[in-house]
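Chemist: Input file: input.cif. Contents: mmCIF, C-alpha atoms (C1' of nucleotides).
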data_target
loop_
_atom_site.label_atom_id
_atom_site.label_comp_id
_atom_site.auth_asym_id
_atom_site.auth_seq_id
_atom_site.Cartn_x
_atom_site.Cartn_y
_atom_site.Cartn_z
CA MET O 2 8.91 19.68 27.41
CA ALA O 3 11.18 18.07 24.85
CA VAL O 4 10.16 17.85 21.24
CA GLU O 5 10.73 14.10 20.92
CA GLU O 6 7.85 11.65 20.80
CA LYS O 7 7.13 12.53 17.18
CA VAL O 8 9.00 9.49 15.93
CA GLU O 9 7.32 6.54 14.35
CA ILE O 10 7.97 3.15 15.80
CA THR O 11 7.12 0.15 13.67
CA ASP O 12 5.72 -3.06 15.08
CA ALA O 13 9.04 -4.82 14.92
CA GLU O 14 10.82 -1.91 16.53
CA TRP O 15 8.23 -1.81 19.27
CA GLU O 16 9.26 -5.31 20.28
CA ILE O 17 12.82 -4.16 20.75
CA MET O 18 11.76 -1.10 22.69
CA ARG O 19 9.67 -3.11 25.10
CA VAL O 20 12.74 -5.09 26.01
CA VAL O 21 14.79 -1.98 26.54
CA TRP O 22 12.06 -0.24 28.51
CA THR O 23 11.96 -3.28 30.71
CA LEU O 24 15.63 -3.97 31.18
CA GLU O 25 16.52 -0.28 31.03
CA GLN O 26 20.04 -1.23 30.10
CA ALA O 27 20.63 -4.03 27.66
CA THR O 28 23.21 -5.42 25.31
CA SER O 29 22.20 -6.58 21.85
CA LYS O 30 22.80 -10.08 23.08
CA GLU O 31 20.24 -9.68 25.82
CA ILE O 32 17.69 -8.15 23.49
CA ILE O 33 18.17 -10.96 21.04
CA GLU O 34 17.79 -13.54 23.78
CA VAL O 35 14.62 -12.05 25.17
CA LEU O 36 12.98 -11.84 21.78
CA GLN O 37 13.91 -15.36 20.83
CA GLU O 38 11.11 -16.40 23.14
CA LYS O 39 8.56 -14.50 21.13
CA LYS O 40 9.68 -13.75 17.63
CA ASP O 41 11.03 -16.12 15.07
CA TRP O 42 13.82 -13.75 14.22
CA LYS O 43 17.38 -14.56 13.33
CA PRO O 44 19.89 -12.60 15.42
CA ALA O 45 20.72 -10.60 12.33
CA THR O 46 17.14 -9.44 12.07
CA THR O 47 17.09 -8.13 15.59
CA LYS O 48 20.38 -6.41 14.92
CA THR O 49 18.86 -4.63 11.96
CA PHE O 50 16.04 -3.25 14.07
CA ILE O 51 18.44 -2.17 16.77
CA GLY O 52 20.48 -0.36 14.18
CA ARG O 53 17.47 1.42 12.77
CA LEU O 54 16.27 2.46 16.19
CA VAL O 55 19.67 3.88 17.04
CA LYS O 56 19.72 5.77 13.76
CA LYS O 57 16.32 7.23 14.57
CA GLY O 58 17.56 8.25 17.99
CA ILE O 59 14.89 6.19 19.68
CA LEU O 60 17.45 3.85 21.12
CA LEU O 61 20.56 5.21 22.80
CA ALA O 62 23.83 3.36 22.45
CA GLU O 63 26.36 3.91 25.17
CA PRO O 64 29.82 2.56 24.27
CA GLN O 65 30.82 -0.16 26.68
CA GLY O 66 34.28 -1.31 25.71
CA ASN O 67 33.87 -2.48 22.16
CA LYS O 68 30.17 -3.15 22.59
CA PHE O 69 27.22 -0.96 23.39
CA ILE O 70 24.79 -0.74 26.20
CA TYR O 71 21.42 0.24 24.81
CA SER O 72 18.81 2.26 26.60
CA ALA O 73 15.56 3.94 25.60
CA GLY O 74 15.63 7.38 24.09
CA ILE O 75 11.88 7.79 24.54
CA SER O 76 9.65 6.72 27.38
CA GLU O 77 7.26 3.83 27.27
CA GLU O 78 4.50 6.00 28.73
CA GLY O 79 4.96 8.62 26.06
CA SER O 80 5.06 6.01 23.37
CA VAL O 81 1.91 4.31 24.55
CA LYS O 82 0.28 7.69 24.71
CA SER O 83 1.33 8.37 21.13
CA ALA O 84 -0.15 5.07 20.11
CA THR O 85 -3.47 5.85 21.78
CA ASP O 86 -3.48 9.32 20.26
CA ARG O 87 -3.03 7.78 16.90
CA LEU O 88 -5.95 5.46 17.50
CA PHE O 89 -8.28 8.24 18.59
CA GLY O 90 -7.08 10.28 15.67
CA GLN O 91 -8.65 7.69 13.42
CA ILE O 92 -12.14 7.99 14.80
CA CYS O 93 -14.64 10.75 15.40
CA SER O 94 -13.99 12.61 18.63
CA ARG O 95 -17.60 12.02 19.53
CA ALA O 96 -17.01 8.27 19.40
CA ALA O 97 -14.15 8.29 21.89
CA GLY O 98 -16.37 7.71 24.90
CA LYS O 99 -18.10 4.73 23.40
CA THR O 100 -14.79 3.34 22.20
CA ILE O 101 -13.29 3.59 25.66
CA ALA O 102 -16.41 1.99 27.12
CA ASP O 103 -15.95 -0.91 24.73
CA MET O 104 -12.37 -1.26 25.85
CA ILE O 105 -13.49 -1.46 29.45
CA SER O 106 -16.07 -4.08 28.59
CA LYS O 107 -13.53 -6.15 26.83
CA ALA O 108 -10.62 -5.80 29.23
CA LEU O 109 -9.78 -8.02 32.12
CA LEU O 110 -9.49 -5.67 35.08
CA SER O 111 -8.39 -5.92 38.67
CA HIS O 112 -10.14 -4.30 41.61
CA GLU O 113 -7.30 -1.88 41.65
CA ASP O 114 -7.89 -1.06 37.98
CA ILE O 115 -11.55 -0.48 38.72
CA ARG O 116 -10.61 1.98 41.43
CA LEU O 117 -8.23 3.73 39.08
CA LEU O 118 -10.82 3.94 36.36
CA GLN O 119 -13.45 5.14 38.78
CA SER O 120 -11.16 7.94 39.88
CA ALA O 121 -10.43 8.98 36.34
CA LEU O 122 -14.11 8.91 35.56
CA ASP O 123 -15.07 10.84 38.68
CA ALA O 124 -12.54 13.48 37.80
CA LYS O 125 -14.14 13.79 34.41
CA LYS O 126 -17.63 14.25 35.76
CA ASP O 127 -16.95 17.90 36.51
CA GLU O 128 -15.59 18.80 33.15
CA ALA O 129 -18.06 16.75 31.16
CA VAL O 130 -19.78 18.64 28.37
CA ASP O 131 -23.24 18.31 26.97
CA THR O 132 -22.04 17.62 23.50
CA VAL O 133 -18.59 16.70 22.38
CA PRO O 134 -17.82 18.59 19.20
CA CYS O 135 -17.30 16.41 16.19
CA ASN O 136 -13.91 16.85 14.59
CA CYS O 137 -14.65 15.11 11.34
CA ILE O 138 -14.91 16.52 7.90
CA PRO O 139 -18.31 16.12 6.29
CA GLY O 140 -18.60 12.65 4.91
CA GLN O 141 -16.33 10.92 7.38
CA CYS O 142 -18.72 10.39 10.27
CA LYS O 143 -22.43 10.13 10.84
CA CYS O 144 -22.81 12.72 13.54
CA LYS O 145 -25.31 14.70 11.56
CA LYS O 146 -27.24 11.67 10.50
CA ASP O 147 -27.36 10.08 13.93
CA HIS O 148 -27.61 13.04 16.25
CA ASN O 149 -28.39 15.99 14.09
CA ILE O 150 -25.67 17.93 15.78
CA ASN O 151 -22.71 19.67 14.18
CA CYS O 152 -20.85 18.05 11.29
CA TYR O 153 -21.85 19.31 7.87
CA MET R 4 -19.32 -15.38 12.90
CA ALA R 5 -17.50 -14.67 9.67
CA VAL R 6 -13.77 -14.99 9.48
CA GLU R 7 -13.12 -11.52 8.04
CA GLU R 8 -11.73 -8.73 10.20
CA LYS R 9 -8.23 -10.15 9.85
CA VAL R 10 -7.33 -7.71 7.11
CA GLU R 11 -4.89 -4.92 7.55
CA ILE R 12 -6.01 -1.42 6.73
CA THR R 13 -3.35 1.19 6.23
CA ASP R 14 -3.73 4.79 7.30
CA ALA R 15 -4.53 5.97 3.81
CA GLU R 16 -7.02 3.19 3.28
CA TRP R 17 -8.67 4.01 6.59
CA GLU R 18 -9.50 7.46 5.25
CA ILE R 19 -11.34 5.88 2.34
CA MET R 20 -13.17 3.45 4.59
CA ARG R 21 -14.39 6.17 6.88
CA VAL R 22 -16.07 7.81 3.94
CA VAL R 23 -17.69 4.60 2.85
CA TRP R 24 -18.76 3.70 6.38
CA THR R 25 -20.38 7.09 6.56
CA LEU R 26 -22.03 7.28 3.17
CA GLU R 27 -22.67 3.54 3.07
CA GLN R 28 -22.92 3.75 -0.69
CA ALA R 29 -20.52 5.90 -2.61
CA THR R 30 -19.06 6.41 -6.03
CA SER R 31 -15.37 7.03 -6.48
CA LYS R 32 -16.27 10.58 -7.33
CA GLU R 33 -17.97 11.10 -3.99
CA ILE R 34 -15.10 9.55 -2.10
CA ILE R 35 -12.64 11.75 -3.91
CA GLU R 36 -14.70 14.83 -3.21
CA VAL R 37 -15.06 14.13 0.49
CA LEU R 38 -11.38 13.51 0.93
CA GLN R 39 -10.36 16.60 -0.95
CA GLU R 40 -11.37 18.47 2.17
CA LYS R 41 -8.87 16.61 4.27
CA LYS R 42 -6.11 15.06 2.25
CA ASP R 43 -3.93 16.66 -0.32
CA TRP R 44 -4.42 13.77 -2.68
CA LYS R 45 -4.77 13.85 -6.41
CA PRO R 46 -7.85 11.98 -7.65
CA ALA R 47 -5.55 9.31 -9.01
CA THR R 48 -4.18 8.69 -5.56
CA THR R 49 -7.58 8.10 -4.07
CA LYS R 50 -8.38 5.80 -6.96
CA THR R 51 -5.31 3.75 -6.18
CA PHE R 52 -6.41 3.23 -2.59
CA ILE R 53 -9.93 2.35 -3.71
CA GLY R 54 -8.47 -0.22 -6.06
CA ARG R 55 -6.32 -1.76 -3.36
CA LEU R 56 -9.21 -1.94 -0.94
CA VAL R 57 -11.37 -3.66 -3.51
CA LYS R 58 -8.60 -6.12 -4.23
CA LYS R 59 -8.33 -6.87 -0.53
CA GLY R 60 -12.06 -7.40 -0.36
CA ILE R 61 -12.42 -4.68 2.23
CA LEU R 62 -14.37 -2.52 -0.14
CA LEU R 63 -17.19 -3.99 -2.20
CA ALA R 64 -17.77 -2.77 -5.72
CA GLU R 65 -21.24 -3.18 -7.07
CA PRO R 66 -21.42 -2.57 -10.84
CA GLN R 67 -23.65 0.40 -11.54
CA GLY R 68 -23.83 0.74 -15.27
CA ASN R 69 -20.25 1.22 -16.27
CA LYS R 70 -19.24 2.61 -12.88
CA PHE R 71 -19.23 1.07 -9.44
CA ILE R 72 -21.05 1.80 -6.25
CA TYR R 73 -18.70 1.09 -3.39
CA SER R 74 -19.71 -0.13 0.03
CA ALA R 75 -17.86 -1.45 3.05
CA GLY R 76 -16.92 -5.09 3.21
CA ILE R 77 -16.11 -4.86 6.90
CA SER R 78 -17.81 -2.92 9.65
CA GLU R 79 -16.47 0.21 11.25
CA GLU R 80 -17.15 -1.19 14.70
CA GLY R 81 -15.19 -4.33 13.95
CA SER R 82 -12.38 -2.35 12.44
CA VAL R 83 -12.13 -0.01 15.40
CA LYS R 84 -12.16 -3.04 17.64
CA SER R 85 -9.32 -4.55 15.65
CA ALA R 86 -7.41 -1.34 16.02
CA THR R 87 -7.87 -1.28 19.78
CA ASP R 88 -6.96 -4.95 20.00
CA ARG R 89 -3.80 -4.18 18.16
CA LEU R 90 -3.00 -1.40 20.60
CA PHE R 91 -3.56 -3.56 23.66
CA GLY R 92 -1.58 -6.30 22.02
CA GLN R 93 1.41 -4.01 22.23
CA ILE R 94 1.32 -3.56 25.97
CA CYS R 95 1.25 -5.77 29.01
CA SER R 96 -2.23 -7.01 29.82
CA ARG R 97 -1.71 -5.75 33.33
CA ALA R 98 -1.24 -2.23 32.02
CA ALA R 99 -4.56 -2.14 30.18
CA GLY R 100 -6.46 -0.65 33.09
CA LYS R 101 -4.05 2.17 33.61
CA THR R 102 -3.92 2.83 29.89
CA ILE R 103 -7.68 3.08 29.67
CA ALA R 104 -7.71 5.35 32.70
CA ASP R 105 -5.25 7.62 30.92
CA MET R 106 -7.49 7.69 27.90
CA ILE R 107 -10.40 8.77 30.06
CA SER R 108 -8.33 11.49 31.64
CA LYS R 109 -7.31 12.80 28.30
CA ALA R 110 -10.61 12.52 26.45
CA LEU R 111 -13.28 15.14 26.16
CA LEU R 112 -16.43 13.40 27.33
CA SER R 113 -20.10 14.21 27.43
CA HIS R 114 -22.41 13.48 30.33
CA GLU R 115 -23.80 10.72 28.20
CA ASP R 116 -20.33 9.29 27.72
CA ILE R 117 -19.79 9.41 31.45
CA ARG R 118 -22.95 7.42 31.98
CA LEU R 119 -21.88 4.92 29.36
CA LEU R 120 -18.48 4.54 30.92
CA GLN R 121 -19.96 4.23 34.38
CA SER R 122 -22.18 1.42 33.17
CA ALA R 123 -19.32 -0.40 31.55
CA LEU R 124 -17.29 0.04 34.68
CA ASP R 125 -20.09 -1.09 36.97
CA ALA R 126 -20.55 -4.17 34.86
CA LYS R 127 -16.89 -4.91 35.33
CA LYS R 128 -16.97 -4.63 39.09
CA ASP R 129 -18.43 -8.08 39.43
CA GLU R 130 -15.93 -9.83 37.27
CA ALA R 131 -12.93 -7.91 38.49
CA VAL R 132 -10.03 -10.07 39.56
CA ASP R 133 -7.44 -9.56 42.23
CA THR R 134 -4.59 -9.78 39.84
CA VAL R 135 -4.66 -9.59 36.10
CA PRO R 136 -2.26 -12.18 34.73
CA CYS R 137 0.63 -10.74 32.82
CA ASN R 138 0.83 -11.96 29.28
CA CYS R 139 4.34 -10.83 28.54
CA ILE R 140 7.39 -12.86 27.91
CA PRO R 141 10.16 -12.38 30.46
CA GLY R 142 12.02 -9.24 29.59
CA GLN R 143 9.19 -7.34 27.99
CA CYS R 144 7.48 -5.94 31.04
CA LYS R 145 8.28 -5.06 34.60
CA CYS R 146 5.56 -6.97 36.37
CA LYS R 147 7.99 -8.92 38.45
CA LYS R 148 10.03 -5.93 39.33
CA ASP R 149 7.11 -3.68 40.21
CA HIS R 150 4.65 -6.03 41.82
CA ASN R 151 6.55 -9.18 42.44
CA ILE R 152 3.81 -11.14 40.79
CA ASN R 153 4.09 -13.51 37.86
CA CYS R 154 6.32 -12.76 34.88
CA TYR R 155 9.69 -14.48 34.97
"C1'" DA V 7 -20.17 11.45 -35.80
"C1'" DA V 8 -16.32 13.58 -33.33
"C1'" DT V 9 -14.76 14.86 -28.94
"C1'" DA V 10 -14.33 15.62 -24.43
"C1'" DA V 11 -15.13 14.19 -19.77
"C1'" DA V 12 -15.24 10.50 -16.47
"C1'" DC V 13 -14.04 6.16 -14.55
"C1'" DG V 14 -11.53 2.10 -13.77
"C1'" DA V 15 -7.10 -0.42 -14.78
"C1'" DT V 16 -2.28 -0.51 -15.48
"C1'" DT V 17 2.17 1.06 -14.62
"C1'" DA V 18 5.64 3.67 -11.98
"C1'" DC V 19 8.49 4.73 -8.43
"C1'" DA V 20 10.42 6.15 -3.94
"C1'" DA V 21 10.33 5.28 0.95
"C1'" DA V 22 9.33 2.27 4.74
"C1'" DT V 23 9.29 -2.28 6.69
"C1'" DG V 24 10.38 -7.07 7.49
"C1'" DT V 25 13.81 -10.31 7.09
"C1'" DA V 26 18.46 -11.75 6.86
"C1'" DA V 27 23.17 -12.81 4.95
"C1'" DA V 28 27.81 -11.17 4.55
"C1'" DC V 29 31.53 -8.48 6.10
"C1'" DT V 30 34.61 -6.33 9.55
"C1'" DA V 31 36.84 -5.60 13.67
"C1'" DT V 32 38.06 -7.10 18.14
"C1'" DG V 33 38.59 -9.55 22.20
"C1'" DG V 34 38.87 -14.26 24.14
"C1'" DT V 35 40.78 -19.11 23.53
"C1'" DT V 36 44.22 -22.74 22.36
"C1'" DA C 8 50.47 -16.23 17.48
"C1'" DA C 9 46.41 -18.33 15.21
"C1'" DC C 10 41.68 -18.78 15.40
"C1'" DC C 11 37.12 -18.23 16.48
"C1'" DA C 12 33.18 -16.21 18.60
"C1'" DT C 13 30.80 -11.92 19.11
"C1'" DA C 14 29.12 -7.39 18.21
"C1'" DG C 15 28.35 -3.88 15.05
"C1'" DT C 16 28.08 -2.35 10.03
"C1'" DT C 17 26.95 -2.89 5.34
"C1'" DT C 18 24.44 -4.77 1.77
"C1'" DA C 19 20.41 -7.19 -0.07
"C1'" DC C 20 15.98 -7.99 -1.34
"C1'" DA C 21 10.91 -8.72 -1.36
"C1'" DT C 22 6.65 -6.53 0.19
"C1'" DT C 23 3.88 -2.79 1.63
"C1'" DT C 24 2.57 1.88 1.50
"C1'" DG C 25 2.14 6.52 -0.26
"C1'" DT C 26 1.69 9.11 -4.23
"C1'" DA C 27 0.50 9.69 -8.94
"C1'" DA C 28 0.67 9.65 -14.13
"C1'" DT C 29 -1.02 7.33 -18.06
"C1'" DC C 30 -3.92 4.40 -20.74
"C1'" DG C 31 -8.13 2.37 -22.45
"C1'" DT C 32 -13.16 2.59 -22.42
"C1'" DT C 33 -17.29 4.34 -22.30
"C1'" DT C 34 -20.68 7.89 -21.88
"C1'" DA C 35 -22.07 12.48 -22.35
"C1'" DT C 36 -21.56 16.76 -25.41
"C1'" DT C 37 -21.24 19.55 -29.49
#
Represent the structure from my file as structure tokens, please.

Modeler:
Amino acid sequence: MAVEEKVEITDAEWEIMRVVWTLEQATSKEIIEVLQEKKDWKPATTKTFIGRLVKKGILLAEPQGNKFIYSAGISEEGSVKSATDRLFGQICSRAAGKTIADMISKALLSHEDIRLLQSALDAKKDEAVDTVPCNCIPGQCKCKKDHNINCY
Amino acid sequence: MAVEEKVEITDAEWEIMRVVWTLEQATSKEIIEVLQEKKDWKPATTKTFIGRLVKKGILLAEPQGNKFIYSAGISEEGSVKSATDRLFGQICSRAAGKTIADMISKALLSHEDIRLLQSALDAKKDEAVDTVPCNCIPGQCKCKKDHNINCY
DNA sequence: AATAAACGATTACAAATGTAAACTATGGTT
DNA sequence: AACCATAGTTTACATTTGTAATCGTTTATT
């Protein structure tokens, strides 16, 4: 697998990427137009972000005459995965389950989503462990205090 | 409910907060000690983050003689929730289910977690909808293209 | 009492981020 | 041919974030 996906995408840049992931091929004009609906950005601002993304190699610029056709240099799936990894990296590994459960409780889901989630969950039933090891350093989670298991 | 929870916590600040959420009451010395295990920060660096957190009102400083006893001004649960909200705010509402399913697939879960997730999922079965409405602006998701439903 | 250790406050400074104007080149319009 | 709209590039600048040294006090030590 490629190395990629180690790049940091800022909030503003993420907005640009979503447009490119969606359109797959887009001119700066199109990106600017799409975002006008959502962000109160001047065209110049969007241009700046496009430029930075290209510099970072996250956005590919294919010369089209004197203009460029932009396309994504990283996948949306991979990027979303990076974002979720980052989130779970901020909490105790033992809290992941509860956190995901909270997400489910809060989300608006379709029957299809329920099926999908049920499948994922069923698949996990086999490989479920008795105790998820805590990955925190002492003093950054309450595993010991709450469960008297590992940590510390 | 209080207004709070609208504050932004940076990565570095999050490290401090985790210590305080865990210890509940901590001196700067304790915070510095805990983090020495994880971050390559000089004591002065940790102090800077503590100061910024106090200024933001995220960290409470109770005078203890000439020192301070620090405690959290916002809850860990609420903060994690904010973080997940932020994540889901970056993707199409229709993709939430799949994203959560991916998290389940990737996570290491305990039998207890499985039960918790199953409960959350069961609870959702009632209120599941046929189609989750897309919350994206035209050009930022492929709902139309992929499912021919809303968007655009 | 003199000093050293500890703690919080102040100051510093580079890099990242958000936001945008100005400049340049080029192709389309009159 | 002259001019303007458009796209990309360069420059600008304030704020935030990461990282830390220094300074001023105060408390503990000798």

Chemist: Should the cut-off be 8 Å, what would the residue list for chain C against chain R look like, counting all atoms listed in the file, as JSON, numbers by chain?

Modeler: {"C": [24, 25, 26, 27, 33]}

Chemist: What is the atom CA of O:Ala84-atom CA of O:Val20 distance in Å, reported with one decimal?

Modeler: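 Atom CA of O:Val20 lies at a distance of 17.4 Å from atom CA of O:Ala84.
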
Chemist: Each residue of chain C lying at most 9 Å from stretch 9-13 of chain V should get a row with its shortest atom-to-atom pair and the distance in Å to one decimal, counting all atoms listed in the file; could you produce that, ordered by chain and increasing number, as CSV?

Modeler:
residue,atom,partner,partner_atom,distance
C:DT32,C1',V:DC13,C1',8.7
C:DT33,C1',V:DC13,C1',8.6
C:DT34,C1',V:DA12,C1',8.1
C:DA35,C1',V:DA11,C1',7.6
C:DT36,C1',V:DA10,C1',7.4
C:DT37,C1',V:DT9,C1',8.0

Chemist: Would you tabulate, counting all atoms listed in the file, all residues of chain O that have an atom at most 6 Å from an atom of chain R, showing the closest pair of atoms and their distance in Å to one decimal, sorted by chain then ascending number, as JSON lines?

Modeler:
{"residue": "O:Arg19", "atom": "CA", "partner": "R:Gln143", "partner_atom": "CA", "distance": 5.1}
{"residue": "O:Val20", "atom": "CA", "partner": "R:Gln143", "partner_atom": "CA", "distance": 4.6}
{"residue": "O:Thr23", "atom": "CA", "partner": "R:Cys144", "partner_atom": "CA", "distance": 5.2}
{"residue": "O:Val35", "atom": "CA", "partner": "R:Gly142", "partner_atom": "CA", "distance": 5.8}
{"residue": "O:Gly98", "atom": "CA", "partner": "R:Asp116", "partner_atom": "CA", "distance": 5.1}
{"residue": "O:Ala102", "atom": "CA", "partner": "R:Leu120", "partner_atom": "CA", "distance": 5.0}
{"residue": "O:Ser106", "atom": "CA", "partner": "R:Ala123", "partner_atom": "CA", "distance": 5.7}
{"residue": "O:Leu110", "atom": "CA", "partner": "R:Ala131", "partner_atom": "CA", "distance": 5.3}
{"residue": "O:Ser111", "atom": "CA", "partner": "R:Val132", "partner_atom": "CA", "distance": 4.6}
{"residue": "O:His112", "atom": "CA", "partner": "R:Ala131", "partner_atom": "CA", "distance": 5.5}
{"residue": "O:Asp114", "atom": "CA", "partner": "R:Gly100", "partner_atom": "CA", "distance": 5.1}
{"residue": "O:Leu118", "atom": "CA", "partner": "R:Ala104", "partner_atom": "CA", "distance": 5.0}
{"residue": "O:Ala121", "atom": "CA", "partner": "R:Ser108", "partner_atom": "CA", "distance": 5.7}
{"residue": "O:Ala129", "atom": "CA", "partner": "R:Ser113", "partner_atom": "CA", "distance": 5.0}
{"residue": "O:Val130", "atom": "CA", "partner": "R:Ser113", "partner_atom": "CA", "distance": 4.5}
{"residue": "O:Asp131", "atom": "CA", "partner": "R:Ser113", "partner_atom": "CA", "distance": 5.2}
{"residue": "O:Thr132", "atom": "CA", "partner": "R:Ser113", "partner_atom": "CA", "distance": 5.6}
{"residue": "O:Val133", "atom": "CA", "partner": "R:Ser113", "partner_atom": "CA", "distance": 5.8}
{"residue": "O:Gly140", "atom": "CA", "partner": "R:Val22", "partner_atom": "CA", "distance": 5.5}
{"residue": "O:Gln141", "atom": "CA", "partner": "R:Val22", "partner_atom": "CA", "distance": 4.6}
{"residue": "O:Cys142", "atom": "CA", "partner": "R:Thr25", "partner_atom": "CA", "distance": 5.2}
{"residue": "O:Lys143", "atom": "CA", "partner": "R:Thr25", "partner_atom": "CA", "distance": 5.6}

Chemist: Quick one: write out the picked residues with C-alpha atoms as a PDB file, in the frame of the given file?

Modeler:
ATOM      1  CA  ARG O  19       9.670  -3.110  25.100  1.00  0.00           C
ATOM      2  CA  VAL O  20      12.740  -5.090  26.010  1.00  0.00           C
ATOM      3  CA  THR O  23      11.960  -3.280  30.710  1.00  0.00           C
ATOM      4  CA  VAL O  35      14.620 -12.050  25.170  1.00  0.00           C
ATOM      5  CA  GLY O  98     -16.370   7.710  24.900  1.00  0.00           C
ATOM      6  CA  ALA O 102     -16.410   1.990  27.120  1.00  0.00           C
ATOM      7  CA  SER O 106     -16.070  -4.080  28.590  1.00  0.00           C
ATOM      8  CA  LEU O 110      -9.490  -5.670  35.080  1.00  0.00           C
ATOM      9  CA  SER O 111      -8.390  -5.920  38.670  1.00  0.00           C
ATOM     10  CA  HIS O 112     -10.140  -4.300  41.610  1.00  0.00           C
ATOM     11  CA  ASP O 114      -7.890  -1.060  37.980  1.00  0.00           C
ATOM     12  CA  LEU O 118     -10.820   3.940  36.360  1.00  0.00           C
ATOM     13  CA  ALA O 121     -10.430   8.980  36.340  1.00  0.00           C
ATOM     14  CA  ALA O 129     -18.060  16.750  31.160  1.00  0.00           C
ATOM     15  CA  VAL O 130     -19.780  18.640  28.370  1.00  0.00           C
ATOM     16  CA  ASP O 131     -23.240  18.310  26.970  1.00  0.00           C
ATOM     17  CA  THR O 132     -22.040  17.620  23.500  1.00  0.00           C
ATOM     18  CA  VAL O 133     -18.590  16.700  22.380  1.00  0.00           C
ATOM     19  CA  GLY O 140     -18.600  12.650   4.910  1.00  0.00           C
ATOM     20  CA  GLN O 141     -16.330  10.920   7.380  1.00  0.00           C
ATOM     21  CA  CYS O 142     -18.720  10.390  10.270  1.00  0.00           C
ATOM     22  CA  LYS O 143     -22.430  10.130  10.840  1.00  0.00           C
TER      23      LYS O 143
END

Chemist: Using all atoms listed in the file and a cut-off of 8 Å, which residues of chain V sit close to chain O? Please list them as a ChimeraX atom specification.

Modeler: /V:23-26,32

Chemist: Evaluate the PyMOL selection byres ((chain V and resi 31) around 12) and record the selected residues as a VMD selection string, following the chain and residue labels used in the document.

Modeler: (chain O and resid 67 to 68) or (chain V and resid 29 to 30 32 to 33) or (chain C and resid 13 to 16)

Chemist: Could you expand the PyMOL selection byres ((chain C and resi 31) around 10) into the explicit residues it covers here, written as a list of chain:residue names?

Modeler: V:DG14, V:DA15, V:DT16, C:DT29, C:DC30, C:DT32, C:DT33

Chemist: Computed after least-squares fitting of chain R to chain O on all C-alpha atoms in order, what is the RMSD in Å?

Modeler: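 C-alpha RMSD after least-squares superposition: 0.1 Å.
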
Chemist: What separation in Å, quoted to one decimal, exists between atom C1' of C:DC10 and atom CA of O:Thr28?

Modeler: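 Separation between atom C1' of C:DC10 and atom CA of O:Thr28: 24.9 Å.
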
Chemist: Can you pull out the residues contacting V:DT36? Cut-off 12 Å, using only C-alpha atoms (C1' of nucleotides), and skip same-chain residues under 4 positions away; I want them as a ChimeraX atom specification.

Modeler: /C:8-11

Chemist: Take atom CA of O:Ala27 and atom C1' of V:DA28 and report the distance between them in Å, one decimal.

Modeler: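 Pair atom CA of O:Ala27 / atom C1' of V:DA28 returns 25.2 Å.
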
Chemist: Put a box with edges along x, y and z around all the listed atoms of stretch 126-141 of chain O, pad it by 5 Å on each side, then give me its centre and sizes in Å, one decimal, as lines of an AutoDock Vina configuration file.

Modeler:
center_x = -18.6
center_y = 14.9
center_z = 20.7
size_x = 19.3
size_y = 17.9
size_z = 41.6

Chemist: R:Ser31: which residues within 8 Å, counting only C-alpha atoms (C1' of nucleotides), same-chain residues fewer than 3 positions away excluded, as a list in words?

Modeler: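 Result of the neighbour search: Ile34, Ile35, Lys50, Ile53, Phe71, Ile72 and Tyr73 of chain R.
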